[in-house]
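Q: Sharing protein.cif, mmCIF, C-alpha atoms:
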```cif
data_target
loop_
_atom_site.group_PDB
_atom_site.id
_atom_site.type_symbol
_atom_site.label_atom_id
_atom_site.label_comp_id
_atom_site.auth_asym_id
_atom_site.auth_seq_id
_atom_site.Cartn_x
_atom_site.Cartn_y
_atom_site.Cartn_z
ATOM 1 C CA MET J 1 -51.686 159.528 -9.141
ATOM 2 C CA SER J 2 -47.903 159.502 -8.978
ATOM 3 C CA GLU J 3 -45.900 161.069 -11.778
ATOM 4 C CA ASP J 4 -44.883 157.609 -13.101
ATOM 5 C CA SER J 5 -48.425 156.298 -13.249
ATOM 6 C CA ALA J 6 -49.770 159.478 -14.789
ATOM 7 C CA GLN J 7 -47.054 159.347 -17.446
ATOM 8 C CA CYS J 8 -47.866 155.696 -18.088
ATOM 9 C CA ASP J 9 -51.615 156.314 -18.516
ATOM 10 C CA SER J 10 -50.918 159.328 -20.684
ATOM 11 C CA ARG J 11 -48.544 157.310 -22.875
ATOM 12 C CA ASN J 12 -51.117 154.541 -23.260
ATOM 13 C CA ASP J 13 -53.768 157.062 -24.300
ATOM 14 C CA ALA J 14 -51.371 158.587 -26.833
ATOM 15 C CA ARG J 15 -50.567 155.154 -28.254
ATOM 16 C CA LYS J 16 -54.253 154.292 -28.609
ATOM 17 C CA GLN J 17 -54.849 157.529 -30.496
ATOM 18 C CA ARG J 18 -51.867 156.874 -32.737
ATOM 19 C CA LEU J 19 -53.037 153.335 -33.414
ATOM 20 C CA ALA J 20 -56.532 154.535 -34.352
ATOM 21 C CA GLN J 21 -54.964 157.092 -36.743
ATOM 22 C CA PHE J 22 -52.682 154.402 -38.206
ATOM 23 C CA ILE J 23 -55.647 152.111 -38.891
ATOM 24 C CA ARG J 24 -57.677 154.909 -40.465
ATOM 25 C CA ARG J 25 -54.974 156.442 -42.657
ATOM 26 C CA ILE J 26 -53.088 153.345 -43.786
ATOM 27 C CA TRP J 27 -55.614 150.489 -43.734
ATOM 28 C CA ASP J 28 -58.959 152.295 -44.193
ATOM 29 C CA GLU J 29 -57.895 155.129 -46.501
ATOM 30 C CA GLY J 30 -55.039 153.263 -48.199
ATOM 31 C CA ASP J 31 -52.384 155.959 -47.744
ATOM 32 C CA ALA J 32 -49.497 153.469 -47.573
ATOM 33 C CA ASP J 33 -46.856 156.232 -47.534
ATOM 34 C CA ALA J 34 -48.267 157.487 -44.226
ATOM 35 C CA ALA J 35 -46.602 154.420 -42.682
ATOM 36 C CA ASP J 36 -43.512 156.662 -42.414
ATOM 37 C CA ASP J 37 -45.304 158.585 -39.649
ATOM 38 C CA PHE J 38 -46.249 155.547 -37.568
ATOM 39 C CA LEU J 39 -43.789 152.672 -37.916
ATOM 40 C CA ALA J 40 -40.367 151.779 -36.568
ATOM 41 C CA ASP J 41 -37.686 150.975 -39.154
ATOM 42 C CA VAL J 42 -38.381 147.258 -38.792
ATOM 43 C CA TYR J 43 -41.895 145.814 -38.484
ATOM 44 C CA ALA J 44 -42.186 142.236 -37.190
ATOM 45 C CA ILE J 45 -45.130 140.001 -38.086
ATOM 46 C CA ARG J 46 -44.755 137.687 -35.108
ATOM 47 C CA HIS J 47 -47.863 135.543 -35.592
ATOM 48 C CA ASP J 48 -50.516 135.894 -38.286
ATOM 49 C CA PRO J 49 -51.757 132.505 -39.563
ATOM 50 C CA GLY J 50 -52.443 132.583 -43.296
ATOM 51 C CA ASP J 51 -50.719 135.928 -43.840
ATOM 52 C CA GLY J 52 -48.029 135.744 -46.525
ATOM 53 C CA TRP J 53 -45.581 137.565 -44.244
ATOM 54 C CA ASP J 54 -46.234 135.456 -41.090
ATOM 55 C CA GLY J 55 -43.030 135.142 -39.084
ATOM 56 C CA GLY J 56 -41.145 137.691 -41.159
ATOM 57 C CA THR J 57 -39.968 141.263 -40.786
ATOM 58 C CA LEU J 58 -40.548 144.165 -43.136
ATOM 59 C CA ASP J 59 -38.760 147.439 -43.687
ATOM 60 C CA LEU J 60 -40.865 150.518 -44.445
ATOM 61 C CA GLU J 61 -40.948 149.903 -48.193
ATOM 62 C CA GLY J 62 -41.868 146.257 -47.636
ATOM 63 C CA PHE J 63 -44.666 147.284 -45.312
ATOM 64 C CA LYS J 64 -46.073 149.724 -47.867
ATOM 65 C CA GLU J 65 -46.008 146.980 -50.509
ATOM 66 C CA ARG J 66 -47.880 144.685 -48.093
ATOM 67 C CA VAL J 67 -50.541 147.386 -47.615
ATOM 68 C CA ARG J 68 -51.002 147.835 -51.376
ATOM 69 C CA ILE J 69 -51.214 144.086 -52.061
ATOM 70 C CA SER J 70 -53.507 143.373 -49.098
ATOM 71 C CA ARG J 71 -55.908 146.214 -49.854
ATOM 72 C CA ALA J 72 -56.171 145.635 -53.634
ATOM 73 C CA PRO J 73 -59.134 143.197 -53.535
ATOM 74 C CA PHE J 74 -61.043 145.396 -51.035
ATOM 75 C CA PRO J 75 -60.254 149.056 -51.840
ATOM 76 C CA ASP J 76 -63.105 150.473 -49.678
ATOM 77 C CA GLN J 77 -62.247 148.368 -46.612
ATOM 78 C CA ARG J 78 -63.014 149.802 -43.170
ATOM 79 C CA PHE J 79 -62.050 148.682 -39.667
ATOM 80 C CA ASP J 80 -64.562 149.101 -36.853
ATOM 81 C CA ILE J 81 -62.412 149.163 -33.712
ATOM 82 C CA ARG J 82 -64.340 147.414 -30.931
ATOM 83 C CA GLY J 83 -61.866 147.711 -28.071
ATOM 84 C CA MET J 84 -58.338 148.729 -27.113
ATOM 85 C CA PHE J 85 -56.433 147.375 -24.107
ATOM 86 C CA ALA J 86 -53.015 148.814 -23.272
ATOM 87 C CA GLU J 87 -50.361 147.289 -21.032
ATOM 88 C CA GLY J 88 -46.575 147.460 -21.132
ATOM 89 C CA ASP J 89 -45.342 148.048 -24.669
ATOM 90 C CA ALA J 90 -48.562 146.691 -26.209
ATOM 91 C CA VAL J 91 -51.970 147.882 -27.281
ATOM 92 C CA VAL J 92 -54.419 145.078 -28.080
ATOM 93 C CA MET J 93 -57.133 145.968 -30.580
ATOM 94 C CA THR J 94 -60.296 143.950 -31.220
ATOM 95 C CA TRP J 95 -62.043 144.753 -34.479
ATOM 96 C CA LEU J 96 -64.679 144.076 -37.075
ATOM 97 C CA TRP J 97 -63.899 144.705 -40.744
ATOM 98 C CA ALA J 98 -65.843 144.986 -43.977
ATOM 99 C CA GLY J 99 -64.923 145.624 -47.596
ATOM 100 C CA THR J 100 -66.441 145.292 -51.058
ATOM 101 C CA HIS J 101 -64.817 142.514 -53.075
ATOM 102 C CA ARG J 102 -63.770 144.631 -56.103
ATOM 103 C CA GLY J 103 -60.414 143.075 -57.031
ATOM 104 C CA ASP J 104 -59.659 139.473 -57.990
ATOM 105 C CA ILE J 105 -58.225 137.023 -55.445
ATOM 106 C CA PRO J 106 -56.664 133.800 -56.836
ATOM 107 C CA GLY J 107 -59.634 131.448 -57.292
ATOM 108 C CA PHE J 108 -62.154 134.145 -56.387
ATOM 109 C CA PRO J 109 -62.936 136.745 -59.079
ATOM 110 C CA ALA J 110 -64.381 140.050 -57.840
ATOM 111 C CA THR J 111 -68.122 139.875 -57.098
ATOM 112 C CA GLY J 112 -68.905 143.375 -55.819
ATOM 113 C CA LYS J 113 -70.280 141.806 -52.639
ATOM 114 C CA THR J 114 -69.463 142.862 -49.090
ATOM 115 C CA ILE J 115 -67.092 140.594 -47.156
ATOM 116 C CA ARG J 116 -66.992 140.792 -43.360
ATOM 117 C CA MET J 117 -64.269 139.692 -40.939
ATOM 118 C CA SER J 118 -63.302 140.026 -37.297
ATOM 119 C CA GLY J 119 -60.007 139.743 -35.489
ATOM 120 C CA ALA J 120 -57.776 140.653 -32.578
ATOM 121 C CA THR J 121 -54.317 142.214 -32.946
ATOM 122 C CA VAL J 122 -51.571 142.889 -30.395
ATOM 123 C CA TYR J 123 -49.583 145.909 -31.611
ATOM 124 C CA THR J 124 -46.249 146.701 -29.940
ATOM 125 C CA PHE J 125 -44.569 150.096 -29.638
ATOM 126 C CA ASP J 126 -41.041 151.312 -29.067
ATOM 127 C CA GLY J 127 -39.961 154.094 -26.688
ATOM 128 C CA ASP J 128 -40.752 156.694 -29.360
ATOM 129 C CA ASP J 129 -44.301 155.305 -29.721
ATOM 130 C CA ARG J 130 -43.547 153.877 -33.135
ATOM 131 C CA ILE J 131 -45.258 150.574 -34.010
ATOM 132 C CA THR J 132 -42.770 147.702 -34.085
ATOM 133 C CA GLY J 133 -44.988 144.797 -35.139
ATOM 134 C CA HIS J 134 -48.035 142.682 -34.407
ATOM 135 C CA TRP J 135 -49.377 139.286 -33.242
ATOM 136 C CA GLN J 136 -52.728 138.661 -34.868
ATOM 137 C CA ILE J 137 -55.616 136.241 -35.245
ATOM 138 C CA THR J 138 -58.293 136.801 -37.882
ATOM 139 C CA ASP J 139 -61.355 134.692 -38.569
ATOM 140 C CA ARG J 140 -60.123 133.717 -42.015
ATOM 141 C CA LEU J 141 -62.466 130.699 -42.165
ATOM 142 C CA GLY J 142 -65.393 133.118 -42.096
ATOM 143 C CA VAL J 143 -63.863 135.007 -45.035
ATOM 144 C CA PHE J 144 -63.345 131.835 -47.086
ATOM 145 C CA GLN J 145 -66.917 130.725 -46.407
ATOM 146 C CA GLN J 146 -68.232 134.047 -47.745
ATOM 147 C CA LEU J 147 -65.931 133.931 -50.796
ATOM 148 C CA HIS J 148 -67.017 130.353 -51.612
ATOM 149 C CA ARG J 149 -70.695 131.215 -51.147
ATOM 150 C CA ASN J 150 -70.403 134.223 -53.449
ATOM 151 C CA LEU J 151 -68.484 132.187 -56.045
ATOM 152 C CA ALA J 152 -71.190 129.500 -56.009
ATOM 153 C CA ALA J 153 -73.910 132.164 -56.377
ATOM 154 C CA THR J 154 -72.260 133.618 -59.510
ATOM 155 C CA ALA J 155 -71.366 130.253 -61.118
ATOM 156 C CA MET G 1 -47.570 154.966 -7.029
ATOM 157 C CA SER G 2 -50.799 156.307 -5.540
ATOM 158 C CA GLU G 3 -53.062 154.026 -3.562
ATOM 159 C CA ASP G 4 -55.559 153.853 -6.448
ATOM 160 C CA SER G 5 -52.966 152.849 -9.006
ATOM 161 C CA ALA G 6 -51.355 150.322 -6.700
ATOM 162 C CA GLN G 7 -54.744 148.761 -6.030
ATOM 163 C CA CYS G 8 -55.432 148.696 -9.751
ATOM 164 C CA ASP G 9 -52.133 146.955 -10.606
ATOM 165 C CA SER G 10 -52.605 144.513 -7.763
ATOM 166 C CA ARG G 11 -56.137 143.695 -8.954
ATOM 167 C CA ASN G 12 -54.895 143.138 -12.508
ATOM 168 C CA ASP G 13 -52.176 140.787 -11.275
ATOM 169 C CA ALA G 14 -54.744 138.861 -9.228
ATOM 170 C CA ARG G 15 -57.045 138.575 -12.235
ATOM 171 C CA LYS G 16 -54.225 137.299 -14.447
ATOM 172 C CA GLN G 17 -53.394 134.641 -11.883
ATOM 173 C CA ARG G 18 -57.050 133.649 -11.592
ATOM 174 C CA LEU G 19 -57.380 133.474 -15.367
ATOM 175 C CA ALA G 20 -54.309 131.250 -15.664
ATOM 176 C CA GLN G 21 -55.763 128.955 -12.962
ATOM 177 C CA PHE G 22 -59.143 128.925 -14.740
ATOM 178 C CA ILE G 23 -57.523 127.890 -18.035
ATOM 179 C CA ARG G 24 -55.470 125.182 -16.370
ATOM 180 C CA ARG G 25 -58.167 123.629 -14.180
ATOM 181 C CA ILE G 26 -61.206 123.881 -16.458
ATOM 182 C CA TRP G 27 -59.865 123.811 -20.018
ATOM 183 C CA ASP G 28 -56.554 121.929 -19.647
ATOM 184 C CA GLU G 29 -57.455 119.479 -16.875
ATOM 185 C CA GLY G 30 -61.165 119.232 -17.713
ATOM 186 C CA ASP G 31 -62.474 119.856 -14.186
ATOM 187 C CA ALA G 32 -65.719 121.484 -15.387
ATOM 188 C CA ASP G 33 -67.144 121.701 -11.854
ATOM 189 C CA ALA G 34 -64.292 124.028 -10.875
ATOM 190 C CA ALA G 35 -66.108 126.680 -12.923
ATOM 191 C CA ASP G 36 -68.021 127.377 -9.675
ATOM 192 C CA ASP G 37 -64.829 128.915 -8.283
ATOM 193 C CA PHE G 38 -64.173 131.241 -11.224
ATOM 194 C CA LEU G 39 -67.337 132.353 -13.008
ATOM 195 C CA ALA G 40 -70.102 134.868 -12.395
ATOM 196 C CA ASP G 41 -73.667 133.508 -12.400
ATOM 197 C CA VAL G 42 -74.089 134.476 -16.043
ATOM 198 C CA TYR G 43 -71.359 134.000 -18.663
ATOM 199 C CA ALA G 44 -71.739 135.928 -21.928
ATOM 200 C CA ILE G 45 -70.198 134.700 -25.192
ATOM 201 C CA ARG G 46 -70.140 138.086 -26.884
ATOM 202 C CA HIS G 47 -68.270 137.170 -30.053
ATOM 203 C CA ASP G 48 -66.840 133.782 -31.005
ATOM 204 C CA PRO G 49 -67.282 132.997 -34.728
ATOM 205 C CA GLY G 50 -68.056 129.325 -35.294
ATOM 206 C CA ASP G 51 -68.717 128.606 -31.632
ATOM 207 C CA GLY G 52 -72.115 126.992 -31.079
ATOM 208 C CA TRP G 53 -72.827 129.430 -28.253
ATOM 209 C CA ASP G 54 -71.756 132.621 -30.108
ATOM 210 C CA GLY G 55 -73.920 135.559 -28.990
ATOM 211 C CA GLY G 56 -75.527 133.630 -26.151
ATOM 212 C CA THR G 57 -75.311 133.521 -22.376
ATOM 213 C CA LEU G 58 -74.777 130.492 -20.162
ATOM 214 C CA ASP G 59 -75.530 129.809 -16.534
ATOM 215 C CA LEU G 60 -73.020 127.751 -14.564
ATOM 216 C CA GLU G 61 -74.538 124.397 -15.552
ATOM 217 C CA GLY G 62 -74.658 125.474 -19.192
ATOM 218 C CA PHE G 63 -71.014 126.507 -19.059
ATOM 219 C CA LYS G 64 -69.986 123.144 -17.597
ATOM 220 C CA GLU G 65 -71.877 121.364 -20.382
ATOM 221 C CA ARG G 66 -70.056 123.542 -22.933
ATOM 222 C CA VAL G 67 -66.707 122.523 -21.388
ATOM 223 C CA ARG G 68 -67.578 118.818 -21.540
ATOM 224 C CA ILE G 69 -68.821 118.977 -25.158
ATOM 225 C CA SER G 70 -65.921 121.154 -26.353
ATOM 226 C CA ARG G 71 -63.222 119.065 -24.704
ATOM 227 C CA ALA G 72 -64.582 115.631 -25.739
ATOM 228 C CA PRO G 73 -62.710 115.359 -29.083
ATOM 229 C CA PHE G 74 -59.424 116.561 -27.491
ATOM 230 C CA PRO G 75 -59.273 115.226 -23.909
ATOM 231 C CA ASP G 76 -55.538 115.994 -23.443
ATOM 232 C CA GLN G 77 -55.800 119.572 -24.738
ATOM 233 C CA ARG G 78 -53.400 122.187 -23.364
ATOM 234 C CA PHE G 79 -53.288 125.971 -23.666
ATOM 235 C CA ASP G 80 -49.916 127.687 -23.921
ATOM 236 C CA ILE G 81 -50.597 131.240 -22.731
ATOM 237 C CA ARG G 82 -48.433 133.612 -24.786
ATOM 238 C CA GLY G 83 -49.429 136.944 -23.303
ATOM 239 C CA MET G 84 -51.828 138.694 -20.941
ATOM 240 C CA PHE G 85 -52.796 142.363 -21.171
ATOM 241 C CA ALA G 86 -55.017 143.876 -18.470
ATOM 242 C CA GLU G 87 -56.977 147.109 -18.654
ATOM 243 C CA GLY G 88 -60.262 148.164 -17.090
ATOM 244 C CA ASP G 89 -62.491 145.152 -16.454
ATOM 245 C CA ALA G 90 -60.682 143.044 -19.067
ATOM 246 C CA VAL G 91 -57.718 140.709 -19.363
ATOM 247 C CA VAL G 92 -56.768 139.857 -22.944
ATOM 248 C CA MET G 93 -55.048 136.514 -23.391
ATOM 249 C CA THR G 94 -53.153 135.393 -26.499
ATOM 250 C CA TRP G 95 -52.609 131.673 -26.748
ATOM 251 C CA LEU G 96 -51.469 128.608 -28.615
ATOM 252 C CA TRP G 97 -53.308 125.322 -28.132
ATOM 253 C CA ALA G 98 -52.726 121.665 -28.936
ATOM 254 C CA GLY G 99 -54.676 118.468 -28.390
ATOM 255 C CA THR G 100 -54.752 114.890 -29.623
ATOM 256 C CA HIS G 101 -57.793 114.162 -31.784
ATOM 257 C CA ARG G 102 -59.176 111.214 -29.758
ATOM 258 C CA GLY G 103 -62.940 111.766 -30.040
ATOM 259 C CA ASP G 104 -65.093 111.960 -33.176
ATOM 260 C CA ILE G 105 -66.143 115.310 -34.636
ATOM 261 C CA PRO G 106 -69.032 115.266 -37.178
ATOM 262 C CA GLY G 107 -67.343 114.476 -40.497
ATOM 263 C CA PHE G 108 -63.965 113.891 -38.847
ATOM 264 C CA PRO G 109 -63.484 110.567 -37.024
ATOM 265 C CA ALA G 110 -60.726 110.493 -34.395
ATOM 266 C CA THR G 111 -57.237 110.047 -35.867
ATOM 267 C CA GLY G 112 -54.977 110.164 -32.815
ATOM 268 C CA LYS G 113 -53.077 113.024 -34.440
ATOM 269 C CA THR G 114 -52.149 116.316 -32.791
ATOM 270 C CA ILE G 115 -54.198 119.359 -33.799
ATOM 271 C CA ARG G 116 -52.811 122.850 -33.171
ATOM 272 C CA MET G 117 -54.622 126.172 -32.921
ATOM 273 C CA SER G 118 -54.019 129.763 -31.865
ATOM 274 C CA GLY G 119 -56.307 132.524 -30.710
ATOM 275 C CA ALA G 120 -56.896 135.688 -28.729
ATOM 276 C CA THR G 121 -59.560 136.071 -26.050
ATOM 277 C CA VAL G 122 -60.792 139.113 -24.135
ATOM 278 C CA TYR G 123 -62.047 137.926 -20.738
ATOM 279 C CA THR G 124 -64.088 140.318 -18.575
ATOM 280 C CA PHE G 125 -64.382 140.333 -14.798
ATOM 281 C CA ASP G 126 -66.884 141.684 -12.280
ATOM 282 C CA GLY G 127 -66.045 143.556 -9.061
ATOM 283 C CA ASP G 128 -65.542 140.259 -7.236
ATOM 284 C CA ASP G 129 -63.004 139.141 -9.898
ATOM 285 C CA ARG G 130 -65.407 136.557 -11.287
ATOM 286 C CA ILE G 131 -65.271 135.984 -15.058
ATOM 287 C CA THR G 132 -68.371 137.359 -16.784
ATOM 288 C CA GLY G 133 -67.721 136.362 -20.395
ATOM 289 C CA HIS G 134 -65.451 136.571 -23.408
ATOM 290 C CA TRP G 135 -64.903 138.005 -26.934
ATOM 291 C CA GLN G 136 -62.766 135.610 -28.928
ATOM 292 C CA ILE G 137 -61.153 134.926 -32.281
ATOM 293 C CA THR G 138 -59.619 131.533 -33.028
ATOM 294 C CA ASP G 139 -57.851 130.422 -36.183
ATOM 295 C CA ARG G 140 -60.529 127.852 -36.987
ATOM 296 C CA LEU G 141 -59.468 127.693 -40.654
ATOM 297 C CA GLY G 142 -56.126 126.292 -39.501
ATOM 298 C CA VAL G 143 -57.963 123.609 -37.515
ATOM 299 C CA PHE G 144 -60.172 122.619 -40.464
ATOM 300 C CA GLN G 145 -57.146 122.395 -42.745
ATOM 301 C CA GLN G 146 -55.463 119.983 -40.305
ATOM 302 C CA LEU G 147 -58.654 117.910 -39.878
ATOM 303 C CA HIS G 148 -59.115 117.647 -43.668
ATOM 304 C CA ARG G 149 -55.459 116.745 -44.202
ATOM 305 C CA ASN G 150 -55.648 114.008 -41.559
ATOM 306 C CA LEU G 151 -58.934 112.696 -42.991
ATOM 307 C CA ALA G 152 -57.394 112.500 -46.470
ATOM 308 C CA ALA G 153 -54.334 110.709 -45.065
ATOM 309 C CA THR G 154 -56.489 108.005 -43.441
ATOM 310 C CA ALA G 155 -58.913 107.595 -46.383
#
```
How does this structure look as structure tokens?

A:
Amino acid sequence: MSEDSAQCDSRNDARKQRLAQFIRRIWDEGDADAADDFLADVYAIRHDPGDGWDGGTLDLEGFKERVRISRAPFPDQRFDIRGMFAEGDAVVMTWLWAGTHRGDIPGFPATGKTIRMSGATVYTFDGDDRITGHWQITDRLGVFQQLHRNLAATA
Amino acid sequence: MSEDSAQCDSRNDARKQRLAQFIRRIWDEGDADAADDFLADVYAIRHDPGDGWDGGTLDLEGFKERVRISRAPFPDQRFDIRGMFAEGDAVVMTWLWAGTHRGDIPGFPATGKTIRMSGATVYTFDGDDRITGHWQITDRLGVFQQLHRNLAATA
């Protein structure tokens, strides 16, 4: 391989490792402050239907607040990364997700039942390998169906 | 670049072009028989929540039937490809989609209104650059919300 290509492959591998660490520390383990180690100063949520921050940008403090709010109903949530595909400034991640519904969601009191989800996320990186934002699709209909089913079962 | 890397980039570019042609001819234009030119003998639907063929495999005739059934409610549907990311045997495609609701869906008679959707799809290829299947997430909740809103507006 030429030096350029080798550097490119090596950079992609490094970004995949960083992304896996980011998912584990921030989203799985809930260490929101660790975002300092992974994110650029501005994080863009370019496309994320149903997400409260869709189309917006967040600074580091805003991102940490998003992590805390998003994780509150599912404090033991875990991502199961199914694939990573790197090209250009992006790493695409496909994933499964599960969490125990332990915190209330408007209209859906906690049930203690497991909720499952899947999705695909395009993460982008800057020249210092910091994450600059995402474009994401999640199967939120599947989540609502589970929440409604659990609500009906406890009614 | 080394010969290997150049061949790899060139193959990825060819696959992206083929994928764009596949989307246009089969899914946008509805030429189901053109699947012969793009697909492997067996097409695997590895993950596609809510899709009637999720987890199954289709032969060429089965795939063409899937195209005809899926397109029937939205005969003028168009994909707007937002990004393509190639690595290994995969090309990931992010997309927006729109179609006029001209055919009945169970519970949702045709309204003539535009329905919009977005999604991300991992397409895989064999050594002859034929498409062997996909792993997909679509924002189907967004579609149901539009269908329900349109149904309520015509009730």

Q: I would like the residues chosen by the PyMOL selection byres ((chain J) within 12 of (chain G)) on the shown file; could you give them as a PDB file with C-alpha atoms, in the frame of the given file?

A:
```pdb
ATOM      1  CA  MET J   1     -51.686 159.528  -9.141  1.00  0.00           C
ATOM      2  CA  SER J   2     -47.903 159.502  -8.978  1.00  0.00           C
ATOM      3  CA  GLU J   3     -45.900 161.069 -11.778  1.00  0.00           C
ATOM      4  CA  ASP J   4     -44.883 157.609 -13.101  1.00  0.00           C
ATOM      5  CA  SER J   5     -48.425 156.298 -13.249  1.00  0.00           C
ATOM      6  CA  ALA J   6     -49.770 159.478 -14.789  1.00  0.00           C
ATOM      7  CA  GLN J   7     -47.054 159.347 -17.446  1.00  0.00           C
ATOM      8  CA  CYS J   8     -47.866 155.696 -18.088  1.00  0.00           C
ATOM      9  CA  ASP J   9     -51.615 156.314 -18.516  1.00  0.00           C
ATOM     10  CA  ASN J  12     -51.117 154.541 -23.260  1.00  0.00           C
ATOM     11  CA  ASP J  13     -53.768 157.062 -24.300  1.00  0.00           C
ATOM     12  CA  ARG J  46     -44.755 137.687 -35.108  1.00  0.00           C
ATOM     13  CA  HIS J  47     -47.863 135.543 -35.592  1.00  0.00           C
ATOM     14  CA  ASP J  48     -50.516 135.894 -38.286  1.00  0.00           C
ATOM     15  CA  PRO J  49     -51.757 132.505 -39.563  1.00  0.00           C
ATOM     16  CA  GLY J  50     -52.443 132.583 -43.296  1.00  0.00           C
ATOM     17  CA  ASP J  51     -50.719 135.928 -43.840  1.00  0.00           C
ATOM     18  CA  ARG J  82     -64.340 147.414 -30.931  1.00  0.00           C
ATOM     19  CA  GLY J  83     -61.866 147.711 -28.071  1.00  0.00           C
ATOM     20  CA  MET J  84     -58.338 148.729 -27.113  1.00  0.00           C
ATOM     21  CA  PHE J  85     -56.433 147.375 -24.107  1.00  0.00           C
ATOM     22  CA  ALA J  86     -53.015 148.814 -23.272  1.00  0.00           C
ATOM     23  CA  GLU J  87     -50.361 147.289 -21.032  1.00  0.00           C
ATOM     24  CA  GLY J  88     -46.575 147.460 -21.132  1.00  0.00           C
ATOM     25  CA  ASP J  89     -45.342 148.048 -24.669  1.00  0.00           C
ATOM     26  CA  ALA J  90     -48.562 146.691 -26.209  1.00  0.00           C
ATOM     27  CA  VAL J  91     -51.970 147.882 -27.281  1.00  0.00           C
ATOM     28  CA  VAL J  92     -54.419 145.078 -28.080  1.00  0.00           C
ATOM     29  CA  MET J  93     -57.133 145.968 -30.580  1.00  0.00           C
ATOM     30  CA  THR J  94     -60.296 143.950 -31.220  1.00  0.00           C
ATOM     31  CA  TRP J  95     -62.043 144.753 -34.479  1.00  0.00           C
ATOM     32  CA  LEU J  96     -64.679 144.076 -37.075  1.00  0.00           C
ATOM     33  CA  ARG J 116     -66.992 140.792 -43.360  1.00  0.00           C
ATOM     34  CA  MET J 117     -64.269 139.692 -40.939  1.00  0.00           C
ATOM     35  CA  SER J 118     -63.302 140.026 -37.297  1.00  0.00           C
ATOM     36  CA  GLY J 119     -60.007 139.743 -35.489  1.00  0.00           C
ATOM     37  CA  ALA J 120     -57.776 140.653 -32.578  1.00  0.00           C
ATOM     38  CA  THR J 121     -54.317 142.214 -32.946  1.00  0.00           C
ATOM     39  CA  VAL J 122     -51.571 142.889 -30.395  1.00  0.00           C
ATOM     40  CA  TYR J 123     -49.583 145.909 -31.611  1.00  0.00           C
ATOM     41  CA  THR J 124     -46.249 146.701 -29.940  1.00  0.00           C
ATOM     42  CA  HIS J 134     -48.035 142.682 -34.407  1.00  0.00           C
ATOM     43  CA  TRP J 135     -49.377 139.286 -33.242  1.00  0.00           C
ATOM     44  CA  GLN J 136     -52.728 138.661 -34.868  1.00  0.00           C
ATOM     45  CA  ILE J 137     -55.616 136.241 -35.245  1.00  0.00           C
ATOM     46  CA  THR J 138     -58.293 136.801 -37.882  1.00  0.00           C
ATOM     47  CA  ASP J 139     -61.355 134.692 -38.569  1.00  0.00           C
ATOM     48  CA  ARG J 140     -60.123 133.717 -42.015  1.00  0.00           C
ATOM     49  CA  LEU J 141     -62.466 130.699 -42.165  1.00  0.00           C
ATOM     50  CA  GLY J 142     -65.393 133.118 -42.096  1.00  0.00           C
ATOM     51  CA  VAL J 143     -63.863 135.007 -45.035  1.00  0.00           C
ATOM     52  CA  PHE J 144     -63.345 131.835 -47.086  1.00  0.00           C
ATOM     53  CA  GLN J 145     -66.917 130.725 -46.407  1.00  0.00           C
TER      54      GLN J 145
END
```

Q: Could you check how far CA of Pro106 (chain J) sits from CA of Ala155 (chain J), in Å to one decimal?

A: 15.7 Å

Q: All C-alpha atoms, paired in order, least-squares superposition of chain G on chain J: what RMSD does that give?

A: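 The C-alpha RMSD comes to 0.1 Å.
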
Q: Check what the PyMOL selection byres ((chain J and resi 60) around 12) selects in the file above and give those residues as number ranges by chain.

A: J: 32-44, 57-59, 61-67, 131-133

Q: Can you report as JSON the centre and edge lengths in Å, to one decimal, of an axis-aligned box around the listed atoms of region 66-81 of chain J padded with 3 Å on each side?

A:
```
{"center_x": -56.2, "center_y": 146.8, "center_z": -43.7, "size_x": 22.7, "size_y": 13.3, "size_z": 25.9}
```

Q: Work out how far CA of Gly103 (chain J) is from CA of Pro75 (chain J), in Å to one decimal.

A: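 Interatomic distance here is 7.9 Å.
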
Q: In Å to one decimal, how far is CA of Gly56 (chain G) from CA of Gly99 (chain G)?

A: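 Going from CA of Gly99 (chain G) over to CA of Gly56 (chain G) covers 25.9 Å.
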
Q: Place a sphere of radius 9 Å on (-67.2, 119.1, -29.8) in the file coordinates and name every protein, DNA or RNA residue with an atom inside or on its surface, counting all atoms listed in the file; give the answer as JSON, numbers by chain.

A: {"G": [66, 68, 69, 70, 71, 72, 73, 74, 103, 104, 105, 106]}

Q: For the file shown, what are the residues hit by the PyMOL selection byres ((chain J and resi 112) around 10), laid out as a JSON list (two decimals) with C-alpha atoms, in the coordinates of the input?

A:
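What ended up in result.json:
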```
[["chain", "number", "residue", "atom", "x", "y", "z"],
["J", 74, "PHE", "CA", -61.04, 145.40, -51.04],
["J", 99, "GLY", "CA", -64.92, 145.62, -47.60],
["J", 100, "THR", "CA", -66.44, 145.29, -51.06],
["J", 101, "HIS", "CA", -64.82, 142.51, -53.08],
["J", 102, "ARG", "CA", -63.77, 144.63, -56.10],
["J", 103, "GLY", "CA", -60.41, 143.07, -57.03],
["J", 109, "PRO", "CA", -62.94, 136.74, -59.08],
["J", 110, "ALA", "CA", -64.38, 140.05, -57.84],
["J", 111, "THR", "CA", -68.12, 139.88, -57.10],
["J", 113, "LYS", "CA", -70.28, 141.81, -52.64],
["J", 114, "THR", "CA", -69.46, 142.86, -49.09],
["J", 115, "ILE", "CA", -67.09, 140.59, -47.16],
["J", 150, "ASN", "CA", -70.40, 134.22, -53.45]]
```

Q: I need the residue nearest Gly107 (chain G) from this list: G:Gln77, G:Asp31, G:Leu151, G:Gly52. Use all atoms listed in the file for the distance.

A: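 The closest residue to Gly107 (chain G) is G:Leu151.
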
Q: So, counting all atoms listed in the file, which residue among G:Asp54, G:Asp76, G:Ile81, G:Ser10 is closest to Glu29 (chain G)?

A: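 Going through G:Asp54, G:Asp76, G:Ile81, G:Ser10 one by one, the smallest distance to Glu29 (chain G) is for G:Asp76.
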